[in-house]
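Engineer: Once you've had a glance at the structure underneath, I'll fire off some questions.
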Amino acid sequence: MYGNENKKIEREGSNTKEQLEVKASEVFQLKEKFKLQCWDRSFEEWRDLEPQEAFPTNTKFLIILLSASQCTSSSNRCPLASDVSPSLLTDPPPNLPTSSASTIFSTRTDSNWDLHFQLPEFSSAIVDKLQTGSPPLKEAERSAMLEAIYNAVKVYTYYPKTMQYERIIQKLFKVYPKLANQPNMSTGDVQSIWKIRLQYKFSNARKREDSSLPVVQSRKRVRPSLHLSQVPAARKTPPQWGMINYLPQRQESEDDKSIESHIQWLRRENTKKKPHYSRVTEAMSATFSDRRQLIVKEGVSVKQVQELYPWLFDEDEIILEFQRIGSSSITDLIRDGFTKYADAIVTTVKNKKSRPNLVDKAIGDILKYKDESTRHEATKYAAVIAVPTLVNEKLENMLSVVDETHEVKLPVIMEMFEGEEEVSSYTVKVDGFKVTESSNFMSAFAVYLATFYIFNLVYPTALKKTLNFYQRMILNIQDGLPVDKTVMRVVEKINMNM
DNA sequence: CCCACAAGTCGTATGATTGG
DNA sequence: CCAATCATACGACTTGTGGG
């Protein structure tokens, strides 16, 4: 096989690697250097030839040019200059009828199809949008694109490999660079969104359109195994850590004794009516390293932490503690982050069919304010509580109204206390322990987020995506972990409304 | 451990149908 | 004629399995 040309060659007896190479260059009139690979049936992949190897009849060989870029002029063998030209040459089974031999040459066995794969043509409306980058594609248009790609690819395979999905997307991005350029997202993230999108398309299409095909049939699960109902095993996806554990060195001026005296002094100062706040902060800084060790390494309970460091249960100290870990002010981060995204988040959540009452109310309230800065605050509040809805998680797992009797067993929760008509205060609780109380939602929210990092808590499964969104888009803490796909898609949606 | 996938299911964009 | 309502198709999501 060479480019789109497949040719059969006849062999007598066994051939060596060198003989095959000579034959290949004759058949395809190759001038440049190339190497041969053969199809290994047991591994189902192309591999290099061994010297003196004996090949069974009906073996497929692929020609790979070693010098790239011979593809100029009218040649459409090799659509992209950087591509290697794959080529096949086969020897037919001498004693088999040609009809069966023809299946050998069918494109289905072309495992390198993706190298010379041509993108299907899209309608001019779609191409326009892709080239200019705006307005964003409608769902129907994206569907049409996916459908076209599916139809173009299924000629070769119904089950593209990971690499093949990636190559298709790379080609797509090459032709339509605007598609890859999304604000607030790396090209890699956009690429993985498209890869997942293609995988969903193939998965759904196989199930819905092509489920009768033998290739698809052969992958059917044998049995749903009925005794599954016996097992309750609600083993959900595990919770996730938020930030890499931060374990700083103890300050050089400190030793066990001085730390102990700091702790004692802090505890005494906490009971005073007029504590010396700046000294408290100093002592908290001095004991920071020891406190991190205690929380991260020894995993002590929140109650024990409170006994040793009662000051950690104070709004200002929480903010400062976060700053010691993350080196920026969490209130600033939240303010800046939501100043950037609030409007877009609110527009995005408005497109949802249904929202929790609190979110609806918050959105409605925005219009009530005439003053611009009050209005902005209201928008930020609405945006914060809209995030769980956007990523399909429940708001009440984060913010619960206290008079409702349902108890929530989450590590951290904000509770809303309602007085006469008005919300009177917000309380942040860790494991049932009150951390702080605040009259202002945004302060409570800052404490809420900081708490995960300060007490080294996992993100509960029920709020994994919400907290990931806050972490990456608002706090801008990037760990090495791949971004959750739902979170990425929500970012994409929000971008469209920015 | 990670990834692809099947199976089952949900939410909603979109187009057809209905009623005023 | 247009809107409200309905039906359907399709992308997305979850859970569990199997294979590397």
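Labels for the structure tokens follow display order: chains A, B, ..., residues from 1 in each chain, ligands from 1.
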Starting from chain B, keep only residues with some atom at most 12 Å from an atom of chain A, counting only C-alpha atoms (C1' of nucleotides), and report them as a count of residues only.
Structural biologist: 12
Engineer: Can you pull out the residues contacting range 1-17 of chain C? Cut-off 8 Å, using only C-alpha atoms (C1' of nucleotides), and skip same-chain residues under 6 positions away; I want them as JSON, numbers by chain.
Structural biologist: {"A": [200, 201], "B": [10, 17, 18]}
Engineer: Taking only C-alpha atoms (C1' of nucleotides) into account, which of A:Tyr453, A:Phe417, A:Tyr277, A:Phe202 comes nearest chain C?
Structural biologist: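 For chain C, the nearest of the candidates is A:Phe202.
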Engineer: What gap, in Å, lies between CA of Ser425 in chain A and CA of Leu399 in chain A?
Structural biologist: 12.1 Å
Engineer: What's the separation between CA of Pro135 in chain A and CA of Met496 in chain A, in Å to one decimal place?
Structural biologist: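 Calculated distance between CA of Pro135 in chain A and CA of Met496 in chain A is 8.8 Å.
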Engineer: Please identify which residues in range 276-376 of chain A DSSP calls alpha helix (DSSP H) from the backbone, and express them as number ranges by chain.
Structural biologist: A: 277-286, 288-292, 302-308, 315-326, 330-350, 357-366, 372-376
